[in-house]
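Text of data_35.tsv, listed as TSV, C-alpha atoms and all ligand atoms:
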```tsv
chain	number	residue	atom	x	y	z
K	1	MET	CA	99.37	-8.99	381.03
K	2	THR	CA	96.35	-7.46	379.32
K	3	LEU	CA	95.05	-4.58	381.37
K	4	PRO	CA	91.37	-3.62	381.29
K	5	ARG	CA	90.52	-0.86	378.83
K	6	GLN	CA	90.75	2.70	380.09
K	7	ALA	CA	87.61	4.72	379.39
K	8	ALA	CA	88.20	7.99	377.54
K	9	LEU	CA	87.95	11.07	379.76
K	10	PRO	CA	84.81	13.15	379.24
K	11	ASP	CA	85.48	16.18	377.01
K	12	SER	CA	84.95	18.56	379.93
K	13	TYR	CA	88.35	17.53	381.33
K	14	ALA	CA	90.23	18.37	378.15
K	15	ASP	CA	89.90	22.14	378.61
K	16	LEU	CA	91.11	22.31	382.21
K	17	ASP	CA	94.40	24.10	382.57
K	18	GLU	CA	96.97	23.40	385.28
K	19	SER	CA	95.59	25.83	387.84
K	20	ALA	CA	91.98	24.72	387.33
K	21	LEU	CA	93.04	21.11	387.80
K	22	ARG	CA	95.00	22.00	390.94
K	23	GLU	CA	92.08	23.88	392.48
K	24	ARG	CA	89.49	21.27	391.64
K	25	LEU	CA	91.71	18.47	392.93
K	26	ALA	CA	92.24	20.30	396.22
K	27	ALA	CA	88.50	20.91	396.57
K	28	ARG	CA	87.59	17.26	395.87
K	29	LYS	CA	90.23	16.08	398.33
K	30	ALA	CA	88.80	18.34	401.01
K	31	GLU	CA	85.29	17.09	400.25
K	32	LEU	CA	86.22	13.41	400.44
K	33	ALA	CA	88.34	14.23	403.51
K	34	ASP	CA	89.18	11.22	405.68
K	35	ARG	CA	87.32	8.74	403.49
K	36	LEU	CA	90.18	9.10	401.01
K	37	LEU	CA	93.89	8.27	401.01
K	38	ILE	CA	96.05	9.21	398.03
K	39	LEU	CA	99.27	7.19	397.78
K	40	CYS	CA	101.96	8.39	395.37
K	41	HIS	CA	105.10	6.67	394.18
K	42	HIS	CA	108.25	8.83	393.87
K	43	TYR	CA	108.19	8.52	390.06
K	44	GLN	CA	104.90	10.39	389.74
K	45	GLN	CA	104.85	13.72	387.93
K	46	GLU	CA	104.74	16.85	390.10
K	47	ALA	CA	101.16	17.86	389.27
K	48	VAL	CA	99.97	14.54	390.73
K	49	PHE	CA	102.58	14.19	393.48
K	50	ALA	CA	101.48	17.50	395.00
K	51	HIS	CA	98.14	15.92	396.02
K	52	ALA	CA	99.58	12.88	397.83
K	53	ASP	CA	98.77	12.01	401.44
K	54	VAL	CA	101.63	9.53	401.56
K	55	THR	CA	104.61	9.36	399.18
K	56	GLY	CA	107.11	6.55	399.15
K	57	ASP	CA	108.86	3.60	397.60
K	58	SER	CA	107.00	0.34	397.02
K	59	LEU	CA	107.60	-0.95	400.56
K	60	LYS	CA	106.51	2.24	402.29
K	61	LEU	CA	103.37	2.48	400.15
K	62	ALA	CA	102.49	-1.19	400.76
K	63	ARG	CA	102.81	-0.58	404.50
K	64	ALA	CA	100.73	2.62	404.27
K	65	ALA	CA	97.95	0.75	402.44
K	66	ALA	CA	98.06	-2.08	405.00
K	67	SER	CA	97.67	0.32	407.91
K	68	ALA	CA	94.98	2.60	406.41
K	69	ARG	CA	92.05	0.65	407.83
K	70	ASP	CA	90.02	3.83	408.42
K	71	ARG	CA	90.14	4.97	404.75
K	72	ARG	CA	87.41	3.69	402.46
K	73	PHE	CA	88.98	4.82	399.19
K	74	ILE	CA	92.67	4.35	398.41
K	75	VAL	CA	93.70	6.07	395.20
K	76	PHE	CA	97.03	4.66	394.09
K	77	CYS	CA	99.12	6.96	391.93
K	78	GLY	CA	101.63	4.37	390.80
K	79	VAL	CA	101.44	1.30	388.59
K	80	HIS	CA	99.09	-1.67	388.41
K	81	PHE	CA	101.07	-4.17	390.53
K	82	MET	CA	101.26	-1.59	393.36
K	83	ALA	CA	97.49	-1.12	393.33
K	84	GLU	CA	97.01	-4.90	393.32
K	85	SER	CA	99.26	-5.23	396.39
K	86	ALA	CA	97.25	-2.49	398.11
K	87	ASP	CA	94.01	-4.34	397.35
K	88	ILE	CA	95.44	-7.58	398.77
K	89	LEU	CA	96.63	-5.85	401.96
K	90	THR	CA	93.43	-3.91	402.65
K	91	ALA	CA	90.06	-5.09	403.95
K	92	ALA	CA	87.23	-6.23	401.64
K	93	ASP	CA	85.20	-3.05	402.23
K	94	GLN	CA	88.09	-0.80	401.16
K	95	VAL	CA	88.32	0.24	397.52
K	96	VAL	CA	91.62	0.63	395.67
K	97	ILE	CA	91.61	2.79	392.54
K	98	LEU	CA	94.25	3.27	389.83
K	99	PRO	CA	93.55	6.59	388.05
K	100	ASP	CA	94.61	5.25	384.63
K	101	LEU	CA	94.26	1.52	383.98
K	102	ARG	CA	97.02	1.65	381.35
K	103	ALA	CA	99.63	2.29	384.05
K	104	GLY	CA	101.32	-1.11	383.99
K	105	CYS	CA	104.95	-2.14	384.51
K	106	SER	CA	106.89	-3.70	381.63
K	107	MET	CA	109.08	-5.63	384.06
K	108	ALA	CA	106.09	-7.22	385.82
K	109	ASP	CA	104.76	-8.23	382.39
K	110	MET	CA	107.95	-10.19	381.70
K	111	ALA	CA	106.97	-12.93	384.15
K	112	GLY	CA	103.66	-14.59	383.33
K	113	HIS	CA	102.32	-16.85	386.08
K	114	GLU	CA	101.91	-19.82	383.72
K	115	GLU	CA	105.45	-19.39	382.42
K	116	MET	CA	106.67	-19.28	386.01
K	117	ALA	CA	104.79	-22.45	386.99
K	118	GLU	CA	106.25	-24.33	384.00
K	119	ALA	CA	109.78	-23.13	384.69
K	120	TRP	CA	109.41	-24.12	388.37
K	121	GLN	CA	108.49	-27.71	387.44
K	122	GLU	CA	111.26	-27.88	384.87
K	123	LEU	CA	113.85	-26.64	387.34
K	124	LEU	CA	112.70	-29.04	390.07
K	125	GLY	CA	112.90	-31.88	387.56
K	126	ALA	CA	116.49	-30.92	386.71
K	127	VAL	CA	117.87	-30.40	390.23
K	128	GLY	CA	115.93	-33.27	391.87
K	129	GLN	CA	112.65	-33.26	393.78
K	130	GLY	CA	114.49	-33.54	397.15
K	131	VAL	CA	116.14	-30.13	396.67
K	132	ARG	CA	114.48	-27.35	398.68
K	133	LEU	CA	113.80	-24.54	396.28
K	134	THR	CA	112.36	-21.21	397.54
K	135	PRO	CA	110.70	-18.75	395.15
K	136	LEU	CA	111.14	-15.03	395.77
K	137	THR	CA	109.49	-12.33	393.75
K	138	TYR	CA	110.18	-8.66	393.53
K	139	VAL	CA	106.99	-6.75	394.33
K	140	ASN	CA	107.04	-5.64	390.66
K	141	SER	CA	105.04	-8.71	389.60
K	142	SER	CA	101.40	-9.64	389.08
K	143	ALA	CA	99.20	-10.80	391.96
K	144	ARG	CA	98.94	-14.21	390.26
K	145	LEU	CA	102.69	-14.62	390.27
K	146	LYS	CA	102.83	-13.57	393.92
K	147	ALA	CA	100.14	-16.17	394.64
K	148	LEU	CA	102.28	-18.95	393.11
K	149	VAL	CA	105.20	-17.76	395.22
K	150	GLY	CA	103.02	-17.77	398.37
K	151	GLN	CA	101.74	-21.29	397.58
K	152	ARG	CA	105.30	-22.57	397.21
K	153	GLY	CA	106.54	-21.20	400.56
K	154	GLY	CA	108.23	-18.07	399.21
K	155	SER	CA	108.15	-14.34	399.83
K	156	VAL	CA	107.85	-11.01	398.08
K	157	CYS	CA	110.68	-8.46	398.36
K	158	THR	CA	111.17	-4.84	397.37
K	159	SER	CA	114.26	-2.91	396.38
K	160	SER	CA	114.75	-1.86	400.00
K	161	ASN	CA	114.68	-5.33	401.57
K	162	ALA	CA	115.82	-7.66	398.76
K	163	GLU	CA	119.09	-8.62	400.48
K	164	ARG	CA	117.29	-9.42	403.73
K	165	VAL	CA	114.65	-11.50	401.96
K	166	LEU	CA	117.28	-13.31	399.88
K	167	THR	CA	119.18	-14.17	403.10
K	168	TRP	CA	115.92	-15.54	404.51
K	169	GLY	CA	115.25	-17.55	401.33
K	170	LEU	CA	118.72	-19.10	401.31
K	171	ALA	CA	118.53	-19.96	405.02
K	172	ARG	CA	115.25	-21.77	404.45
K	173	GLY	CA	116.35	-24.09	401.65
K	174	ASP	CA	119.05	-25.02	399.15
K	175	LYS	CA	118.30	-22.62	396.31
K	176	VAL	CA	116.29	-19.53	395.48
K	177	PHE	CA	114.41	-18.92	392.20
K	178	PHE	CA	114.20	-15.10	391.93
K	179	PHE	CA	111.54	-13.32	389.80
K	180	PRO	CA	111.27	-11.17	387.68
K	181	ASP	CA	114.23	-8.75	387.88
K	182	GLU	CA	117.54	-10.30	386.98
K	183	HIS	CA	119.44	-7.21	388.10
K	184	LEU	CA	117.92	-6.74	391.55
K	185	GLY	CA	118.55	-10.46	392.11
K	186	ARG	CA	122.13	-10.31	390.86
K	187	ASN	CA	122.98	-7.14	392.82
K	188	SER	CA	121.49	-8.60	396.01
K	189	ALA	CA	123.35	-11.92	395.57
K	190	ALA	CA	126.61	-10.01	395.03
K	191	ALA	CA	125.99	-7.94	398.18
K	192	LEU	CA	125.65	-11.19	400.15
K	193	GLY	CA	128.98	-12.42	398.74
K	194	ILE	CA	127.49	-15.27	396.70
K	195	PRO	CA	130.12	-16.25	394.08
K	196	ASP	CA	129.22	-15.49	390.45
K	197	ASP	CA	129.30	-19.16	389.45
K	198	GLU	CA	126.54	-19.89	391.97
K	199	VAL	CA	124.21	-17.38	390.30
K	200	VAL	CA	122.68	-18.44	386.98
K	201	LEU	CA	120.29	-16.81	384.57
K	202	TRP	CA	117.07	-18.57	383.53
K	203	GLN	CA	116.36	-17.38	380.00
K	204	ARG	CA	112.66	-17.44	379.29
K	205	GLY	CA	111.55	-19.70	376.47
K	206	ARG	CA	114.70	-21.86	376.41
K	207	PRO	CA	114.84	-25.47	377.68
K	208	LEU	CA	116.17	-25.38	381.28
K	209	GLY	CA	116.47	-21.64	380.87
K	210	GLY	CA	119.47	-22.25	378.59
K	211	ASN	CA	121.54	-23.86	381.39
K	212	PRO	CA	123.35	-27.20	381.69
K	213	VAL	CA	121.92	-29.38	384.50
K	214	ALA	CA	125.27	-29.24	386.35
K	215	ALA	CA	125.14	-25.41	386.51
K	216	LEU	CA	121.59	-25.52	387.89
K	217	LYS	CA	122.62	-28.11	390.49
K	218	LYS	CA	125.54	-25.95	391.61
K	219	ALA	CA	123.60	-22.66	391.65
K	220	LYS	CA	122.38	-21.06	394.86
K	221	VAL	CA	120.40	-18.37	393.04
K	222	ILE	CA	118.54	-18.78	389.76
K	223	LEU	CA	117.49	-15.46	388.21
K	224	TRP	CA	114.54	-14.95	385.87
K	225	ASN	CA	115.61	-12.74	382.97
K	226	GLY	CA	113.24	-9.80	383.44
K	227	CYS	CA	114.41	-6.21	383.62
K	228	CYS	CA	113.30	-2.58	383.85
K	229	SER	CA	113.55	-0.82	380.51
K	230	VAL	CA	114.05	2.51	382.31
K	231	HIS	CA	116.97	1.42	384.51
K	232	MET	CA	118.58	-0.53	381.66
K	233	GLN	CA	119.33	2.82	380.04
K	234	PHE	CA	122.01	3.62	382.64
K	235	LYS	CA	125.49	2.47	381.61
K	236	ALA	CA	128.82	2.08	383.43
K	237	GLU	CA	130.16	4.42	380.74
K	238	HIS	CA	127.91	7.19	382.13
K	239	VAL	CA	129.57	6.78	385.54
K	240	ARG	CA	133.03	7.12	383.95
K	241	GLN	CA	131.93	10.20	381.99
K	242	TRP	CA	130.61	11.95	385.10
K	243	ARG	CA	133.72	11.14	387.12
K	244	ALA	CA	135.93	12.51	384.33
K	245	LYS	CA	133.87	15.73	384.18
K	246	GLU	CA	133.31	16.22	387.92
K	247	PRO	CA	135.94	14.32	389.93
K	248	ASP	CA	134.16	14.99	393.26
K	249	ILE	CA	130.74	13.80	392.08
K	250	ARG	CA	129.02	10.93	393.92
K	251	VAL	CA	127.01	8.36	392.03
K	252	ILE	CA	123.92	6.66	393.43
K	253	VAL	CA	121.78	4.22	391.47
K	254	HIS	CA	118.71	2.02	391.85
K	255	PRO	CA	119.43	-1.74	392.17
K	256	GLU	CA	117.38	-2.40	389.00
K	257	CYS	CA	120.48	-1.13	387.15
K	258	ARG	CA	122.92	-3.65	385.67
K	259	ARG	CA	125.59	-5.10	387.97
K	260	GLU	CA	128.43	-3.15	386.32
K	261	VAL	CA	126.57	0.13	386.90
K	262	VAL	CA	125.94	-0.69	390.57
K	263	ARG	CA	129.58	-1.76	390.92
K	264	ALA	CA	130.82	1.52	389.43
K	265	ALA	CA	128.51	3.64	391.64
K	266	ASP	CA	129.33	4.87	395.16
K	267	LEU	CA	125.95	3.88	396.57
K	268	TYR	CA	122.80	2.10	395.52
K	269	GLY	CA	119.34	1.65	396.96
K	270	SER	CA	115.58	2.02	396.65
K	271	THR	CA	114.02	5.35	395.73
K	272	GLU	CA	113.54	6.11	399.44
K	273	ARG	CA	117.23	5.37	400.10
K	274	ILE	CA	118.28	7.61	397.19
K	275	ILE	CA	116.22	10.50	398.60
K	276	GLN	CA	117.73	10.00	402.05
K	277	ALA	CA	121.29	10.05	400.66
K	278	ILE	CA	120.78	13.35	398.82
K	279	ARG	CA	118.86	14.94	401.71
K	280	GLU	CA	121.55	14.04	404.25
K	281	SER	CA	124.53	15.05	402.12
K	282	PRO	CA	126.33	18.31	402.96
K	283	PRO	CA	125.59	21.52	401.00
K	284	GLY	CA	127.66	21.71	397.82
K	285	SER	CA	127.48	17.94	397.22
K	286	LYS	CA	127.25	16.81	393.60
K	287	TRP	CA	125.24	13.77	392.63
K	288	ALA	CA	124.71	11.72	389.47
K	289	ILE	CA	121.55	9.70	390.06
K	290	GLY	CA	120.61	6.52	388.21
K	291	THR	CA	116.86	6.42	388.47
K	292	GLU	CA	113.66	7.76	386.92
K	293	ILE	CA	113.74	11.40	385.81
K	294	ASN	CA	110.73	12.70	387.76
K	295	LEU	CA	112.47	11.79	391.00
K	296	VAL	CA	115.82	13.21	389.87
K	297	ASN	CA	114.20	16.52	388.87
K	298	ARG	CA	112.33	16.69	392.18
K	299	LEU	CA	115.56	16.18	394.14
K	300	ALA	CA	117.20	18.99	392.14
K	301	ARG	CA	114.30	21.28	393.04
K	302	LEU	CA	114.03	20.24	396.71
K	303	TYR	CA	117.73	20.58	397.46
K	304	PRO	CA	119.04	23.55	395.45
K	305	ASP	CA	122.14	23.74	397.67
K	306	LYS	CA	123.24	20.40	396.14
K	307	ALA	CA	123.63	19.53	392.47
K	308	SER	CA	121.45	16.58	391.41
K	309	HIS	CA	121.87	15.32	387.83
K	310	SER	CA	120.58	12.32	385.95
K	311	LEU	CA	123.33	9.76	385.50
K	312	SER	CA	122.27	9.36	381.88
K	313	PRO	CA	122.46	12.16	379.29
K	314	PHE	CA	118.99	11.00	378.15
K	315	GLN	CA	115.70	11.50	380.00
K	316	CYS	CA	114.90	8.13	381.62
K	317	LEU	CA	111.16	8.41	382.06
K	318	CYS	CA	108.84	5.60	383.18
K	319	SER	CA	106.15	6.14	380.57
K	320	THR	CA	103.58	3.98	382.37
K	321	MET	CA	103.97	5.85	385.68
K	322	TYR	CA	103.56	8.98	383.59
K	323	ARG	CA	100.13	7.86	382.44
K	324	ILE	CA	98.72	8.99	385.78
K	325	LYS	CA	97.80	12.54	384.82
K	326	PRO	CA	96.10	15.12	387.06
K	327	ALA	CA	92.98	15.02	384.85
K	328	TYR	CA	92.60	11.27	385.45
K	329	LEU	CA	93.10	11.76	389.17
K	330	LEU	CA	90.41	14.42	389.17
K	331	TRP	CA	88.06	12.21	387.13
K	332	VAL	CA	88.27	9.34	389.66
K	333	LEU	CA	87.75	11.75	392.59
K	334	ASP	CA	84.80	13.46	390.84
K	335	ASN	CA	83.22	10.04	390.40
K	336	LEU	CA	83.78	9.12	394.05
K	337	ALA	CA	82.19	12.40	395.14
K	338	ALA	CA	79.17	11.51	392.94
K	339	GLY	CA	78.93	8.07	394.57
K	340	ARG	CA	80.44	6.16	391.61
K	341	ILE	CA	83.53	3.99	391.64
K	342	VAL	CA	85.64	3.89	388.49
K	343	ASN	CA	88.95	2.11	387.84
K	344	ARG	CA	88.71	-0.17	390.84
K	345	ILE	CA	91.53	-2.74	391.09
K	346	THR	CA	90.41	-6.04	392.57
K	347	VAL	CA	92.26	-9.28	393.00
K	348	ASP	CA	90.06	-12.38	393.24
K	349	GLN	CA	89.80	-13.89	396.72
K	350	GLU	CA	91.76	-17.08	396.09
K	351	THR	CA	94.66	-15.29	394.38
K	352	ALA	CA	94.62	-12.58	397.05
K	353	ALA	CA	94.77	-15.10	399.90
K	354	GLN	CA	97.81	-16.86	398.43
K	355	ALA	CA	99.57	-13.66	397.39
K	356	LYS	CA	98.96	-12.25	400.87
K	357	ILE	CA	100.93	-15.13	402.37
K	358	ALA	CA	103.95	-14.00	400.31
K	359	LEU	CA	103.38	-10.30	401.06
K	360	ASP	CA	102.87	-10.91	404.80
K	361	ARG	CA	106.07	-12.96	404.90
K	362	MET	CA	107.94	-9.96	403.50
K	363	LEU	CA	106.39	-7.59	406.04
K	364	GLU	CA	107.47	-10.00	408.82
K	365	ILE	CA	111.04	-10.72	407.59
J	1	LIG	P1	111.17	1.49	394.67
J	1	LIG	O1	110.49	0.43	395.50
J	1	LIG	O2	112.61	1.62	394.97
J	1	LIG	O3	110.44	2.77	394.77
J	1	LIG	O4	111.13	1.00	393.15
J	1	LIG	C1	109.95	0.71	392.49
J	1	LIG	C2	110.16	0.69	391.05
J	1	LIG	O5	109.31	0.33	390.28
J	1	LIG	C3	111.46	1.10	390.56
J	1	LIG	O6	111.49	1.02	389.20
J	2	LIG	FE1	108.30	-0.89	386.13
J	2	LIG	FE2	110.68	0.14	385.52
J	2	LIG	FE3	108.52	1.72	385.56
J	2	LIG	FE4	109.56	0.75	387.84
J	2	LIG	S1	110.51	2.18	386.43
J	2	LIG	S2	107.40	0.80	387.28
J	2	LIG	S3	110.23	-1.31	387.16
J	2	LIG	S4	108.90	-0.02	384.16
```

Represent the supplied structure as structure tokens.
Ligand code: 13P
Ligand code: SF4
Amino acid sequence: MTLPRQAALPDSYADLDESALRERLAARKAELADRLLILCHHYQQEAVFAHADVTGDSLKLARAAASARDRRFIVFCGVHFMAESADILTAADQVVILPDLRAGCSMADMAGHEEMAEAWQELLGAVGQGVRLTPLTYVNSSARLKALVGQRGGSVCTSSNAERVLTWGLARGDKVFFFPDEHLGRNSAAALGIPDDEVVLWQRGRPLGGNPVAALKKAKVILWNGCCSVHMQFKAEHVRQWRAKEPDIRVIVHPECRREVVRAADLYGSTERIIQAIRESPPGSKWAIGTEINLVNRLARLYPDKASHSLSPFQCLCSTMYRIKPAYLLWVLDNLAAGRIVNRITVDQETAAQAKIALDRMLEI
């Protein structure tokens, strides 16, 4: 997806040091008071995270946006698809702002809505029009893709409810077409006990996704081959290395990791679930954590009586989340205080109405 161009910050922001930014952000927040709600995803850098009103995983933040009817301005410190979902779930007179328009998600970009619509028709043609096919999409997808899913009777899911939503999708028809994260889909199907030969991969750009018709007819779950470049960096080998070095270490990973990594781990779950596991573990616990580095570092700082390490020896940073810098946050707040709106994220009414069907279904399931 091509994101709108991000305006360059005025020069006056370039000279602000950390403490000046912190003070000015706090002052602007106080000035905008209850007209403003700052939502922050767990992968945000500390200097931004410190100014959040609500922090959370994608599901928690979607719910917070949906229930913030009294806030006129919702500043979303996360990535583009999250801000789009917030715009869809809020009223027309509420304004959703993304501090840096370049904060996209490479996984969401792997499933174009036109590509999806073509693949849908192709799959239906192969399995037979009478077959009831339900589309599900991970919330990490564009509003236009969510709209196609809503139109076709499907639902959105997040990493914390994917198994529940998949159960719903399978109960409602014969097969599920799952977008865009292969790994969340595969891990959720495995958790529900769906045999491997009933889960097939639809490879983008290949006729019938590279599958024989018989395999598509047999499949219960068809997975789009999108992935998260950050979570793909975690390997089953890293789990073995940690266990060899620290036999009493526990391993927890995000379900965007490959199946073999999730299988080798002790636990897996959304960012919120990962935080809960570390928080509730006894003092002295050791953890190797397979998710984005800002969250891992925060857990190490918040719980010094436990040892929290990245599962990977390399820094797995989500570079698009990292685009939200304190100076950009300040710039959008300064503009709001001056009566100007910059970096507004809007989803057109027709797309929003259809995508909302899919988002509301998730919130109900
Ligand atoms: P969570 O919903 O678990 O926070 O995950 C969102 C995400 O983008 C992970 O890469
Ligand atoms: Fe997208 Fe991966 Fe970044 Fe999450 S961590 S926002 S899935 S690129």

Site check for ligand LIG 1 (chain J): residues at most 9 Å away, all atoms listed in the file, as a ChimeraX atom specification: /K:41-43,56-61,78-79,82,105,107,139-140,158-160,228,230-231,254-256,269-274,291-292,318,321

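Compared by their closest atoms to ligand LIG 2 (chain J), and using all atoms listed in the file, the residues K:Leu295, K:Ile88, K:Ala277, K:Ala64 rank with K:Leu295 nearest.
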
Report as a PyMOL selection string all protein, DNA and RNA residues lying within 9 Å of Ala327 in chain K, evaluated on all atoms listed in the file, omitting residues in the same chain fewer than 2 positions from it. chain K and resi 9+13-14+16+21+25+324-325+329-332

Please determine an axis-aligned box that encloses all atoms of range 208-225 of chain K listed in the file, with 8 Å added on each side, and express its centre and edge lengths in Å to one decimal as JSON.
```
{"center_x": 120.0, "center_y": -21.1, "center_z": 386.7, "size_x": 27.0, "size_y": 32.6, "size_z": 32.3}
```

Residue neighbourhood Ala300 in chain K, 12 Å, all atoms listed in the file, exclusion window fewer than 3 positions, as a short mmCIF file (atom, residue, chain, number, x, y, z; two decimals) with C-alpha atoms, in the coordinates of the input:
```cif
data_model
loop_
_atom_site.label_atom_id
_atom_site.label_comp_id
_atom_site.auth_asym_id
_atom_site.auth_seq_id
_atom_site.Cartn_x
_atom_site.Cartn_y
_atom_site.Cartn_z
CA ILE K 275 116.22 10.50 398.60
CA ILE K 278 120.78 13.35 398.82
CA ARG K 279 118.86 14.94 401.71
CA SER K 285 127.48 17.94 397.22
CA LYS K 286 127.25 16.81 393.60
CA TRP K 287 125.24 13.77 392.63
CA ALA K 288 124.71 11.72 389.47
CA ILE K 289 121.55 9.70 390.06
CA ILE K 293 113.74 11.40 385.81
CA ASN K 294 110.73 12.70 387.76
CA LEU K 295 112.47 11.79 391.00
CA VAL K 296 115.82 13.21 389.87
CA ASN K 297 114.20 16.52 388.87
CA TYR K 303 117.73 20.58 397.46
CA PRO K 304 119.04 23.55 395.45
CA ASP K 305 122.14 23.74 397.67
CA LYS K 306 123.24 20.40 396.14
CA ALA K 307 123.63 19.53 392.47
CA SER K 308 121.45 16.58 391.41
CA HIS K 309 121.87 15.32 387.83
CA SER K 310 120.58 12.32 385.95
#
```

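Each of K:Ala355, K:Val127, K:Val176, K:Ala265 was compared to Ala215 in chain K using only C-alpha atoms, and K:Val127 turns out to be the nearest.
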
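Closest to ligand LIG 2 (chain J) among K:Ala171, K:Val156, K:Met110, K:Val347 is K:Met110, based on only C-alpha atoms and all ligand atoms.
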
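You will find CA of Ala65 in chain K at 12.4 Å from CA of Leu363 in chain K.
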
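Distance annotation: of K:Ser85, K:Asn161, K:Asn225, K:Asn211, the residue with the minimal separation from Lys146 in chain K is K:Ser85; atom set is only C-alpha atoms.
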
Show me the residues close to (90.4, 2.1, 407.4) - anything with an atom within 12 Å, counting all atoms listed in the file - and format the list as JSON, numbers by chain. {"K": [34, 35, 36, 37, 64, 65, 66, 67, 68, 69, 70, 71, 72, 73, 74, 89, 90, 91, 92, 93, 94, 95, 96]}

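The residue that comes closest to ligand LIG 2 (chain J), out of K:Leu145, K:Ala83, K:Ala117, K:Ala337 and on the basis of all atoms listed in the file, is K:Ala83.
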
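Between CA of Asp53 in chain K and CA of Leu267 in chain K the interatomic distance comes to 28.8 Å.
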
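The gap separating CA of Arg263 in chain K from CA of His183 in chain K is 11.9 Å, in Å to one decimal.
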
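Each of K:Glu46, K:Glu18, K:Asp109, K:Asp100 was checked against ligand LIG 2 (chain J) using only C-alpha atoms and all ligand atoms; the smallest atom-to-atom distance is that of K:Asp109.
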